[in-house]
file input.pdb (PDB, C-alpha atoms)
ATOM      1  CA  MET T   1      14.886  74.676 -10.798
ATOM      2  CA  GLU T   2      18.448  75.662  -9.941
ATOM      3  CA  ASN T   3      20.979  74.271 -12.387
ATOM      4  CA  GLN T   4      24.086  72.986 -10.648
ATOM      5  CA  THR T   5      26.021  72.036 -13.762
ATOM      6  CA  GLU T   6      28.932  73.710 -15.564
ATOM      7  CA  VAL T   7      28.013  71.978 -18.818
ATOM      8  CA  SER T   8      25.886  74.140 -21.121
ATOM      9  CA  GLU T   9      25.588  71.699 -24.015
ATOM     10  CA  PHE T  10      26.199  68.068 -24.914
ATOM     11  CA  PHE T  11      27.670  66.392 -27.984
ATOM     12  CA  LEU T  12      25.664  63.390 -29.213
ATOM     13  CA  ILE T  13      28.313  61.004 -30.573
ATOM     14  CA  GLY T  14      26.245  57.833 -30.836
ATOM     15  CA  LEU T  15      26.109  57.791 -34.644
ATOM     16  CA  THR T  16      29.401  59.501 -35.506
ATOM     17  CA  ASN T  17      31.013  56.165 -36.444
ATOM     18  CA  LEU T  18      28.366  55.842 -39.187
ATOM     19  CA  PHE T  19      29.118  59.223 -40.732
ATOM     20  CA  LYS T  20      30.237  57.628 -44.029
ATOM     21  CA  LEU T  21      26.722  56.237 -44.423
ATOM     22  CA  GLN T  22      25.057  59.543 -43.540
ATOM     23  CA  ASN T  23      23.220  60.014 -46.850
ATOM     24  CA  LEU T  24      21.803  56.498 -46.875
ATOM     25  CA  LEU T  25      20.795  56.586 -43.203
ATOM     26  CA  PHE T  26      19.301  60.056 -43.551
ATOM     27  CA  THR T  27      17.124  58.871 -46.449
ATOM     28  CA  VAL T  28      16.039  55.656 -44.688
ATOM     29  CA  PHE T  29      15.082  57.303 -41.399
ATOM     30  CA  LEU T  30      13.438  60.262 -43.147
ATOM     31  CA  LEU T  31      11.215  57.837 -45.080
ATOM     32  CA  LEU T  32      10.437  55.930 -41.878
ATOM     33  CA  TYR T  33       9.516  59.156 -40.091
ATOM     34  CA  LEU T  34       7.298  60.391 -42.930
ATOM     35  CA  THR T  35       5.597  56.985 -43.053
ATOM     36  CA  THR T  36       4.987  57.237 -39.303
ATOM     37  CA  LEU T  37       3.344  60.647 -39.711
ATOM     38  CA  VAL T  38       1.205  59.580 -42.679
ATOM     39  CA  GLY T  39       0.178  56.160 -41.321
ATOM     40  CA  ASN T  40      -0.724  57.260 -37.813
ATOM     41  CA  GLY T  41      -2.223  60.502 -39.103
ATOM     42  CA  MET T  42      -4.559  58.549 -41.394
ATOM     43  CA  ILE T  43      -5.737  56.387 -38.490
ATOM     44  CA  ILE T  44      -6.483  59.507 -36.395
ATOM     45  CA  ILE T  45      -8.415  61.086 -39.283
ATOM     46  CA  LEU T  46     -10.402  57.888 -39.864
ATOM     47  CA  ILE T  47     -11.363  57.621 -36.202
ATOM     48  CA  LEU T  48     -12.391  61.277 -36.027
ATOM     49  CA  THR T  49     -14.424  61.284 -39.248
ATOM     50  CA  GLU T  50     -16.080  57.843 -39.300
ATOM     51  CA  GLN T  51     -18.998  57.595 -36.871
ATOM     52  CA  HIS T  52     -18.925  53.797 -36.614
ATOM     53  CA  LEU T  53     -15.336  53.995 -35.296
ATOM     54  CA  HIS T  54     -16.404  56.097 -32.282
ATOM     55  CA  THR T  55     -16.021  53.138 -29.914
ATOM     56  CA  PRO T  56     -13.704  52.534 -26.931
ATOM     57  CA  MET T  57     -11.280  50.354 -28.903
ATOM     58  CA  TYR T  58     -10.770  53.033 -31.550
ATOM     59  CA  LEU T  59     -10.605  55.826 -28.973
ATOM     60  CA  PHE T  60      -7.599  54.044 -27.473
ATOM     61  CA  LEU T  61      -6.178  53.293 -30.936
ATOM     62  CA  GLY T  62      -6.376  57.005 -31.771
ATOM     63  CA  ASN T  63      -4.467  57.806 -28.573
ATOM     64  CA  LEU T  64      -1.863  55.177 -29.505
ATOM     65  CA  SER T  65      -1.401  56.778 -32.929
ATOM     66  CA  CYS T  66      -0.953  60.216 -31.312
ATOM     67  CA  LEU T  67       1.673  58.796 -28.966
ATOM     68  CA  ASP T  68       3.501  57.144 -31.876
ATOM     69  CA  ILE T  69       3.657  60.417 -33.812
ATOM     70  CA  PHE T  70       4.949  62.385 -30.818
ATOM     71  CA  PHE T  71       7.294  59.572 -29.728
ATOM     72  CA  ALA T  72       9.026  59.416 -33.112
ATOM     73  CA  THR T  73       9.170  63.229 -33.265
ATOM     74  CA  VAL T  74      11.107  63.383 -29.979
ATOM     75  CA  THR T  75      14.154  61.544 -31.367
ATOM     76  CA  VAL T  76      14.063  61.127 -35.152
ATOM     77  CA  PRO T  77      14.233  64.792 -36.360
ATOM     78  CA  LYS T  78      17.193  65.480 -34.063
ATOM     79  CA  MET T  79      18.826  62.263 -35.269
ATOM     80  CA  LEU T  80      18.271  63.317 -38.900
ATOM     81  CA  ALA T  81      19.942  66.654 -38.160
ATOM     82  CA  GLY T  82      22.897  64.713 -36.760
ATOM     83  CA  PHE T  83      23.417  62.969 -40.109
ATOM     84  CA  LEU T  84      23.946  66.351 -41.763
ATOM     85  CA  THR T  85      26.752  67.561 -39.489
ATOM     86  CA  GLU T  86      29.795  66.055 -37.835
ATOM     87  CA  LEU T  87      29.166  67.993 -34.594
ATOM     88  CA  HIS T  88      25.775  66.909 -33.275
ATOM     89  CA  THR T  89      25.050  69.168 -30.288
ATOM     90  CA  ILE T  90      22.110  69.740 -27.959
ATOM     91  CA  SER T  91      21.782  72.321 -25.192
ATOM     92  CA  PHE T  92      21.457  71.252 -21.556
ATOM     93  CA  LYS T  93      17.840  72.448 -21.384
ATOM     94  CA  GLY T  94      17.067  70.840 -24.732
ATOM     95  CA  CYS T  95      18.559  67.604 -23.440
ATOM     96  CA  MET T  96      16.323  67.647 -20.362
ATOM     97  CA  VAL T  97      13.246  68.395 -22.506
ATOM     98  CA  GLN T  98      14.071  65.505 -24.844
ATOM     99  CA  LEU T  99      14.649  63.190 -21.872
ATOM    100  CA  HIS T 100      11.282  64.168 -20.386
ATOM    101  CA  PHE T 101       9.210  63.691 -23.536
ATOM    102  CA  PHE T 102      10.906  60.419 -24.459
ATOM    103  CA  HIS T 103      10.048  58.791 -21.130
ATOM    104  CA  PHE T 104       6.691  60.579 -20.872
ATOM    105  CA  LEU T 105       5.456  59.243 -24.221
ATOM    106  CA  GLY T 106       7.108  55.826 -23.890
ATOM    107  CA  SER T 107       5.661  55.030 -20.464
ATOM    108  CA  SER T 108       2.246  56.440 -21.481
ATOM    109  CA  GLU T 109       2.189  54.062 -24.438
ATOM    110  CA  GLY T 110       2.989  51.068 -22.232
ATOM    111  CA  ILE T 111       0.148  51.959 -19.841
ATOM    112  CA  LEU T 112      -2.244  52.602 -22.739
ATOM    113  CA  LEU T 113      -1.556  49.113 -24.101
ATOM    114  CA  ALA T 114      -2.638  47.725 -20.713
ATOM    115  CA  VAL T 115      -5.850  49.776 -20.939
ATOM    116  CA  MET T 116      -6.453  48.348 -24.416
ATOM    117  CA  ALA T 117      -5.969  44.830 -23.024
ATOM    118  CA  TYR T 118      -8.632  45.548 -20.392
ATOM    119  CA  ASP T 119     -10.961  46.762 -23.137
ATOM    120  CA  ARG T 120     -10.501  43.466 -25.031
ATOM    121  CA  TYR T 121     -11.019  41.482 -21.815
ATOM    122  CA  VAL T 122     -14.368  43.191 -21.126
ATOM    123  CA  ALA T 123     -15.473  42.892 -24.776
ATOM    124  CA  ILE T 124     -14.813  39.135 -24.900
ATOM    125  CA  CYS T 125     -15.489  37.964 -21.345
ATOM    126  CA  ASN T 126     -18.329  40.318 -20.381
ATOM    127  CA  PRO T 127     -19.948  41.457 -23.659
ATOM    128  CA  LEU T 128     -23.424  42.102 -22.193
ATOM    129  CA  ARG T 129     -22.060  44.745 -19.813
ATOM    130  CA  TYR T 130     -19.463  46.134 -22.235
ATOM    131  CA  THR T 131     -21.322  49.358 -23.074
ATOM    132  CA  LEU T 132     -21.965  49.986 -19.370
ATOM    133  CA  ILE T 133     -18.412  49.298 -18.180
ATOM    134  CA  MET T 134     -16.606  50.943 -21.106
ATOM    135  CA  ARG T 135     -18.781  54.049 -21.387
ATOM    136  CA  LYS T 136     -17.282  57.169 -22.903
ATOM    137  CA  GLY T 137     -16.497  58.991 -19.656
ATOM    138  CA  VAL T 138     -14.657  55.970 -18.218
ATOM    139  CA  CYS T 139     -12.635  55.487 -21.415
ATOM    140  CA  VAL T 140     -11.589  59.142 -21.476
ATOM    141  CA  LEU T 141     -10.518  58.924 -17.820
ATOM    142  CA  MET T 142      -8.453  55.777 -18.466
ATOM    143  CA  ALA T 143      -6.723  57.347 -21.469
ATOM    144  CA  ALA T 144      -6.060  60.546 -19.475
ATOM    145  CA  ALA T 145      -4.668  58.477 -16.594
ATOM    146  CA  ALA T 146      -2.195  56.813 -18.960
ATOM    147  CA  TRP T 147      -0.950  60.185 -20.231
ATOM    148  CA  CYS T 148      -0.775  61.735 -16.733
ATOM    149  CA  THR T 149       1.083  58.773 -15.209
ATOM    150  CA  GLY T 150       3.651  58.901 -18.001
ATOM    151  CA  PHE T 151       4.063  62.659 -17.575
ATOM    152  CA  PHE T 152       4.801  62.543 -13.852
ATOM    153  CA  HIS T 153       7.010  59.461 -14.192
ATOM    154  CA  ALA T 154       9.169  61.310 -16.732
ATOM    155  CA  LEU T 155       9.137  64.520 -14.668
ATOM    156  CA  MET T 156      10.567  62.589 -11.708
ATOM    157  CA  HIS T 157      13.556  61.443 -13.788
ATOM    158  CA  VAL T 158      14.159  64.901 -15.254
ATOM    159  CA  VAL T 159      14.160  66.609 -11.842
ATOM    160  CA  VAL T 160      16.683  64.237 -10.257
ATOM    161  CA  THR T 161      18.869  64.156 -13.399
ATOM    162  CA  ALA T 162      18.906  67.940 -13.891
ATOM    163  CA  HIS T 163      20.197  68.424 -10.337
ATOM    164  CA  LEU T 164      23.232  66.197 -10.923
ATOM    165  CA  PRO T 165      26.554  68.011 -11.381
ATOM    166  CA  PHE T 166      28.050  67.564 -14.875
ATOM    167  CA  CYS T 167      31.553  68.931 -14.662
ATOM    168  CA  GLY T 168      33.602  66.673 -16.932
ATOM    169  CA  SER T 169      33.036  65.230 -20.376
ATOM    170  CA  ASN T 170      29.953  66.354 -22.266
ATOM    171  CA  HIS T 171      30.030  63.632 -24.966
ATOM    172  CA  ILE T 172      26.904  61.446 -24.789
ATOM    173  CA  GLU T 173      27.372  57.956 -26.248
ATOM    174  CA  HIS T 174      23.911  57.950 -27.794
ATOM    175  CA  PHE T 175      21.941  59.675 -30.567
ATOM    176  CA  PHE T 176      19.620  61.396 -28.067
ATOM    177  CA  CYS T 177      19.513  62.281 -24.350
ATOM    178  CA  ASP T 178      18.601  59.159 -22.408
ATOM    179  CA  ILE T 179      19.072  58.505 -18.702
ATOM    180  CA  LYS T 180      21.819  55.866 -18.707
ATOM    181  CA  PRO T 181      24.233  57.716 -21.046
ATOM    182  CA  LEU T 182      23.702  60.899 -19.009
ATOM    183  CA  LEU T 183      24.440  59.131 -15.729
ATOM    184  CA  LYS T 184      27.802  58.048 -17.131
ATOM    185  CA  LEU T 185      28.772  61.732 -17.385
ATOM    186  CA  ALA T 186      27.601  62.818 -13.922
ATOM    187  CA  CYS T 187      30.251  63.816 -11.381
ATOM    188  CA  GLY T 188      28.002  63.305  -8.353
ATOM    189  CA  ASN T 189      26.363  60.323  -6.680
ATOM    190  CA  THR T 190      23.868  58.637  -9.044
ATOM    191  CA  TYR T 191      22.507  56.155  -6.473
ATOM    192  CA  LEU T 192      19.093  57.874  -6.291
ATOM    193  CA  ASN T 193      18.810  57.967 -10.091
ATOM    194  CA  LEU T 194      19.626  54.269 -10.434
ATOM    195  CA  MET T 195      17.284  53.365  -7.589
ATOM    196  CA  LEU T 196      14.407  55.244  -9.229
ATOM    197  CA  LEU T 197      15.263  53.694 -12.580
ATOM    198  CA  SER T 198      15.318  50.176 -11.153
ATOM    199  CA  THR T 199      12.219  50.504  -8.948
ATOM    200  CA  VAL T 200       9.793  53.113 -10.299
ATOM    201  CA  THR T 201      10.593  52.593 -13.991
ATOM    202  CA  SER T 202      10.542  48.820 -13.579
ATOM    203  CA  CYS T 203       7.094  49.125 -11.974
ATOM    204  CA  ILE T 204       5.888  51.435 -14.758
ATOM    205  CA  VAL T 205       7.130  48.913 -17.337
ATOM    206  CA  MET T 206       6.309  45.626 -15.611
ATOM    207  CA  SER T 207       2.929  46.430 -14.048
ATOM    208  CA  PRO T 208       1.167  47.087 -17.388
ATOM    209  CA  PHE T 209       2.986  44.128 -18.945
ATOM    210  CA  ALA T 210       1.882  41.798 -16.133
ATOM    211  CA  PHE T 211      -1.684  43.147 -16.426
ATOM    212  CA  ILE T 212      -1.666  42.466 -20.188
ATOM    213  CA  VAL T 213      -0.422  38.903 -19.664
ATOM    214  CA  LEU T 214      -3.053  38.218 -16.978
ATOM    215  CA  SER T 215      -5.807  39.709 -19.150
ATOM    216  CA  TYR T 216      -4.966  37.440 -22.054
ATOM    217  CA  LEU T 217      -4.580  34.401 -19.816
ATOM    218  CA  TYR T 218      -8.075  35.086 -18.511
ATOM    219  CA  ILE T 219      -9.371  35.576 -22.076
ATOM    220  CA  ILE T 220      -7.846  32.258 -23.207
ATOM    221  CA  THR T 221      -9.244  30.462 -20.150
ATOM    222  CA  PHE T 222     -12.677  31.979 -20.792
ATOM    223  CA  LEU T 223     -12.616  30.881 -24.434
ATOM    224  CA  LEU T 224     -11.534  27.349 -23.511
ATOM    225  CA  LEU T 225     -14.351  26.966 -20.989
ATOM    226  CA  LYS T 226     -17.147  28.960 -22.632
ATOM    227  CA  THR T 227     -16.515  28.955 -26.381
ATOM    228  CA  GLN T 228     -16.584  25.700 -28.296
ATOM    229  CA  SER T 229     -16.953  26.958 -31.885
ATOM    230  CA  TRP T 230     -14.038  27.819 -34.139
ATOM    231  CA  ASN T 231     -15.879  30.961 -35.298
ATOM    232  CA  GLY T 232     -15.998  32.224 -31.705
ATOM    233  CA  TRP T 233     -12.261  31.715 -31.305
ATOM    234  CA  GLN T 234     -11.541  33.360 -34.660
ATOM    235  CA  LYS T 235     -13.678  36.389 -33.867
ATOM    236  CA  ALA T 236     -12.083  36.821 -30.449
ATOM    237  CA  PHE T 237      -8.507  36.636 -31.667
ATOM    238  CA  SER T 238      -9.152  38.789 -34.725
ATOM    239  CA  THR T 239      -9.694  41.679 -32.284
ATOM    240  CA  CYS T 240      -6.743  40.713 -30.060
ATOM    241  CA  GLY T 241      -4.106  39.673 -32.586
ATOM    242  CA  SER T 242      -3.068  43.190 -33.614
ATOM    243  CA  HIS T 243      -2.841  44.321 -29.994
ATOM    244  CA  LEU T 244      -0.696  41.325 -29.014
ATOM    245  CA  ILE T 245       1.730  41.976 -31.887
ATOM    246  CA  VAL T 246       2.100  45.642 -30.872
ATOM    247  CA  VAL T 247       2.646  44.630 -27.216
ATOM    248  CA  ALA T 248       5.380  42.181 -28.212
ATOM    249  CA  LEU T 249       7.096  44.712 -30.496
ATOM    250  CA  LEU T 250       7.191  47.358 -27.764
ATOM    251  CA  TYR T 251       7.895  45.355 -24.634
ATOM    252  CA  VAL T 252      10.648  43.030 -25.875
ATOM    253  CA  PRO T 253      13.143  45.862 -26.602
ATOM    254  CA  VAL T 254      11.968  48.036 -23.684
ATOM    255  CA  LEU T 255      12.369  45.228 -21.143
ATOM    256  CA  SER T 256      15.872  44.482 -22.410
ATOM    257  CA  ASN T 257      16.847  48.167 -22.103
ATOM    258  CA  TYR T 258      15.369  49.247 -18.763
ATOM    259  CA  MET T 259      14.762  46.207 -16.589
ATOM    260  CA  PHE T 260      18.452  46.009 -15.659
ATOM    261  CA  PRO T 261      19.600  49.634 -15.515
ATOM    262  CA  ASN T 262      23.352  49.103 -15.392
ATOM    263  CA  VAL T 263      25.125  52.284 -16.442
ATOM    264  CA  GLY T 264      28.038  50.281 -17.797
ATOM    265  CA  THR T 265      26.067  48.333 -20.402
ATOM    266  CA  SER T 266      26.980  48.592 -24.073
ATOM    267  CA  SER T 267      25.947  51.930 -25.573
ATOM    268  CA  GLU T 268      25.788  50.357 -29.048
ATOM    269  CA  GLN T 269      23.336  47.741 -27.801
ATOM    270  CA  ASP T 270      21.208  50.431 -26.139
ATOM    271  CA  MET T 271      21.207  52.512 -29.330
ATOM    272  CA  MET T 272      20.132  49.607 -31.522
ATOM    273  CA  VAL T 273      17.303  48.711 -29.151
ATOM    274  CA  THR T 274      16.214  52.347 -28.881
ATOM    275  CA  LEU T 275      16.181  52.704 -32.674
ATOM    276  CA  ILE T 276      13.756  49.780 -32.860
ATOM    277  CA  TYR T 277      11.094  51.216 -30.587
ATOM    278  CA  SER T 278      11.590  54.926 -31.380
ATOM    279  CA  ALA T 279      11.864  54.854 -35.178
ATOM    280  CA  ILE T 280      10.660  51.474 -36.464
ATOM    281  CA  ILE T 281       7.755  50.415 -34.203
ATOM    282  CA  PRO T 282       5.775  53.671 -34.752
ATOM    283  CA  VAL T 283       5.853  52.796 -38.477
ATOM    284  CA  LEU T 284       4.658  49.231 -37.915
ATOM    285  CA  ASN T 285       1.754  49.990 -35.544
ATOM    286  CA  PRO T 286      -0.568  51.600 -38.143
ATOM    287  CA  LEU T 287       0.302  48.877 -40.658
ATOM    288  CA  ILE T 288      -0.546  46.156 -38.139
ATOM    289  CA  TYR T 289      -3.874  47.690 -37.154
ATOM    290  CA  THR T 290      -4.772  48.540 -40.775
ATOM    291  CA  LEU T 291      -3.901  45.207 -42.390
ATOM    292  CA  ARG T 292      -5.503  43.102 -39.641
ATOM    293  CA  ASN T 293      -8.602  45.219 -39.002
ATOM    294  CA  GLN T 294     -11.566  44.939 -41.361
ATOM    295  CA  GLU T 295     -13.382  47.986 -39.955
ATOM    296  CA  VAL T 296     -10.387  50.244 -40.514
ATOM    297  CA  LYS T 297      -9.931  48.899 -44.054
ATOM    298  CA  LYS T 298     -13.620  49.489 -44.808
ATOM    299  CA  ALA T 299     -13.393  53.048 -43.477
ATOM    300  CA  MET T 300     -10.314  53.714 -45.617
ATOM    301  CA  LYS T 301     -12.053  52.295 -48.687
ATOM    302  CA  LYS T 302     -15.099  54.459 -47.989
ATOM    303  CA  ILE T 303     -12.985  57.634 -47.819
ATOM    304  CA  MET T 304     -11.072  56.658 -50.985
ATOM    305  CA  ASP T 305     -14.346  56.055 -52.833
ATOM    306  CA  LYS T 306     -15.587  59.501 -51.718
ATOM    307  CA  LYS T 307     -12.348  61.068 -53.009
ATOM    308  CA  LYS T 308     -12.760  59.311 -56.368
ATOM    309  CA  VAL T 309     -16.353  60.533 -56.730
ATOM    310  CA  THR T 310     -15.335  64.084 -55.804
ATOM    311  CA  PHE T 311     -12.431  64.007 -58.261
ATOM    312  CA  LEU T 312     -14.602  62.701 -61.103
TER     313      LEU T 312
END

call {"tool": "encode", "arguments": {"input": "input.pdb", "output": "structure tokens"}}
result
Amino acid sequence: MENQTEVSEFFLIGLTNLFKLQNLLFTVFLLLYLTTLVGNGMIIILILTEQHLHTPMYLFLGNLSCLDIFFATVTVPKMLAGFLTELHTISFKGCMVQLHFFHFLGSSEGILLAVMAYDRYVAICNPLRYTLIMRKGVCVLMAAAAWCTGFFHALMHVVVTAHLPFCGSNHIEHFFCDIKPLLKLACGNTYLNLMLLSTVTSCIVMSPFAFIVLSYLYIITFLLLKTQSWNGWQKAFSTCGSHLIVVALLYVPVLSNYMFPNVGTSSEQDMMVTLIYSAIIPVLNPLIYTLRNQEVKKAMKKIMDKKKVTFL
């Protein structure tokens, strides 16, 4: 790829106004990041080691935990480094790599949540054919499709952004390299970038979200017409509640940030929203699935009991 820019590095100035709070913020976000690694790592280990968790739902949950670990790793370590120095720099190539992985992992997670909604729809509305429809090969293909779609969606943005000329200011009003702050610095025509952001990205965001909403509308309709007992309702929503909470936590900030891609929007607002779904939500996801899922809690208890026996 031929680089047409005179800028060799960028200065990330999004958090410079908080430099007086650097020690406190560094400690808080370091703890959040470590909790993300430990929480999601434990879920991955549980799913790999416990045979009774080798089901489609937990295959997708393991993929979600992987995405959360990688997603937080894209932004948080670089942000932590920024709290330790007044000049927070990133090279042009490093900026493009960070841009790619941020959108790759974020869009993959949104698509994976739609796949998980389909899994719940089949489990509740068509339980007799569940093992046939959601067989292992199909589940692996759906998970791979989510990752591949996110990869090529992000690659599209990186290619068109990297070919923009950056010949003026190199101060990014953000704590990492995102599309909208970069477009503010471009000297050339950004019409294609904004068009792709408003059409392709909106489709990548809204299509899974619409699919999730339709899936749960169908599930609710099915339960109203077919299930009369309270136990049936409770069992159905015990498997869906955690997923719905995660969907809400991810899509509310993402929709507010990318559905209306106006380059002139407040950078502070964008940063606050981005902090929510890049540093905080990856911490909450394992807690939500652990605290609300009896099978995961039983698997954790089983491993802890084994550790106690081994120690004794």

call {"tool": "resolve_selection", "arguments": {"input": "input.pdb", "expression": "the PyMOL selection byres ((chain T and resi 81-89) around 9)", "output": "PyMOL selection string"}}
result
chain T and resi 9-13+15-16+18-19+21-23+25-26+76-80+90-91+175

call {"tool": "closest_residue", "arguments": {"input": "input.pdb", "among": "T:Cys187, T:Val205, T:Met156, T:Ile124", "to": "T:Asn170", "atoms": "only C-alpha atoms"}}
result
T:Cys187

call {"tool": "closest_residue", "arguments": {"input": "input.pdb", "among": "T:Leu37, T:Leu250, T:Gly137, T:Ser202", "to": "T:Thr73", "atoms": "all atoms listed in the file"}}
result
T:Leu37

call {"tool": "resolve_selection", "arguments": {"input": "input.pdb", "expression": "the PyMOL selection byres ((chain T and resi 242) around 12)", "output": "number ranges by chain"}}
result
T: 57, 61, 113, 116-117, 120, 236-241, 243-249, 284-294

call {"tool": "resolve_selection", "arguments": {"input": "input.pdb", "expression": "the PyMOL selection byres ((chain T and resi 182-184) around 9)", "output": "PyMOL selection string"}}
result
chain T and resi 161+164+166+170+172-173+177-181+185-187+190+193-194+263-264

call {"tool": "residues_around", "arguments": {"input": "input.pdb", "residues": "T:Cys66", "least_positions_apart": "3", "cutoff": "8 Å", "atoms": "all atoms listed in the file", "output": "short mmCIF file (atom, residue, chain, number, x, y, z; two decimals) with C-alpha atoms, keeping the file's coordinate frame"}}
result
data_model
loop_
_atom_site.label_atom_id
_atom_site.label_comp_id
_atom_site.auth_asym_id
_atom_site.auth_seq_id
_atom_site.Cartn_x
_atom_site.Cartn_y
_atom_site.Cartn_z
CA ASN T 40 -0.72 57.26 -37.81
CA GLY T 41 -2.22 60.50 -39.10
CA ILE T 44 -6.48 59.51 -36.40
CA GLY T 62 -6.38 57.00 -31.77
CA ASN T 63 -4.47 57.81 -28.57
CA ILE T 69 3.66 60.42 -33.81
CA PHE T 70 4.95 62.38 -30.82
#

call {"tool": "atom_distance", "arguments": {"input": "input.pdb", "atom1": "atom CA of T:Ala162", "atom2": "atom CA of T:Met96"}}
result
7.0 Å

call {"tool": "atom_distance", "arguments": {"input": "input.pdb", "atom1": "atom CA of T:Lys93", "atom2": "atom CA of T:His163"}}
result
12.0 Å

call {"tool": "atom_distance", "arguments": {"input": "input.pdb", "atom1": "atom CA of T:Gln51", "atom2": "atom CA of T:Met300"}}
result
12.9 Å
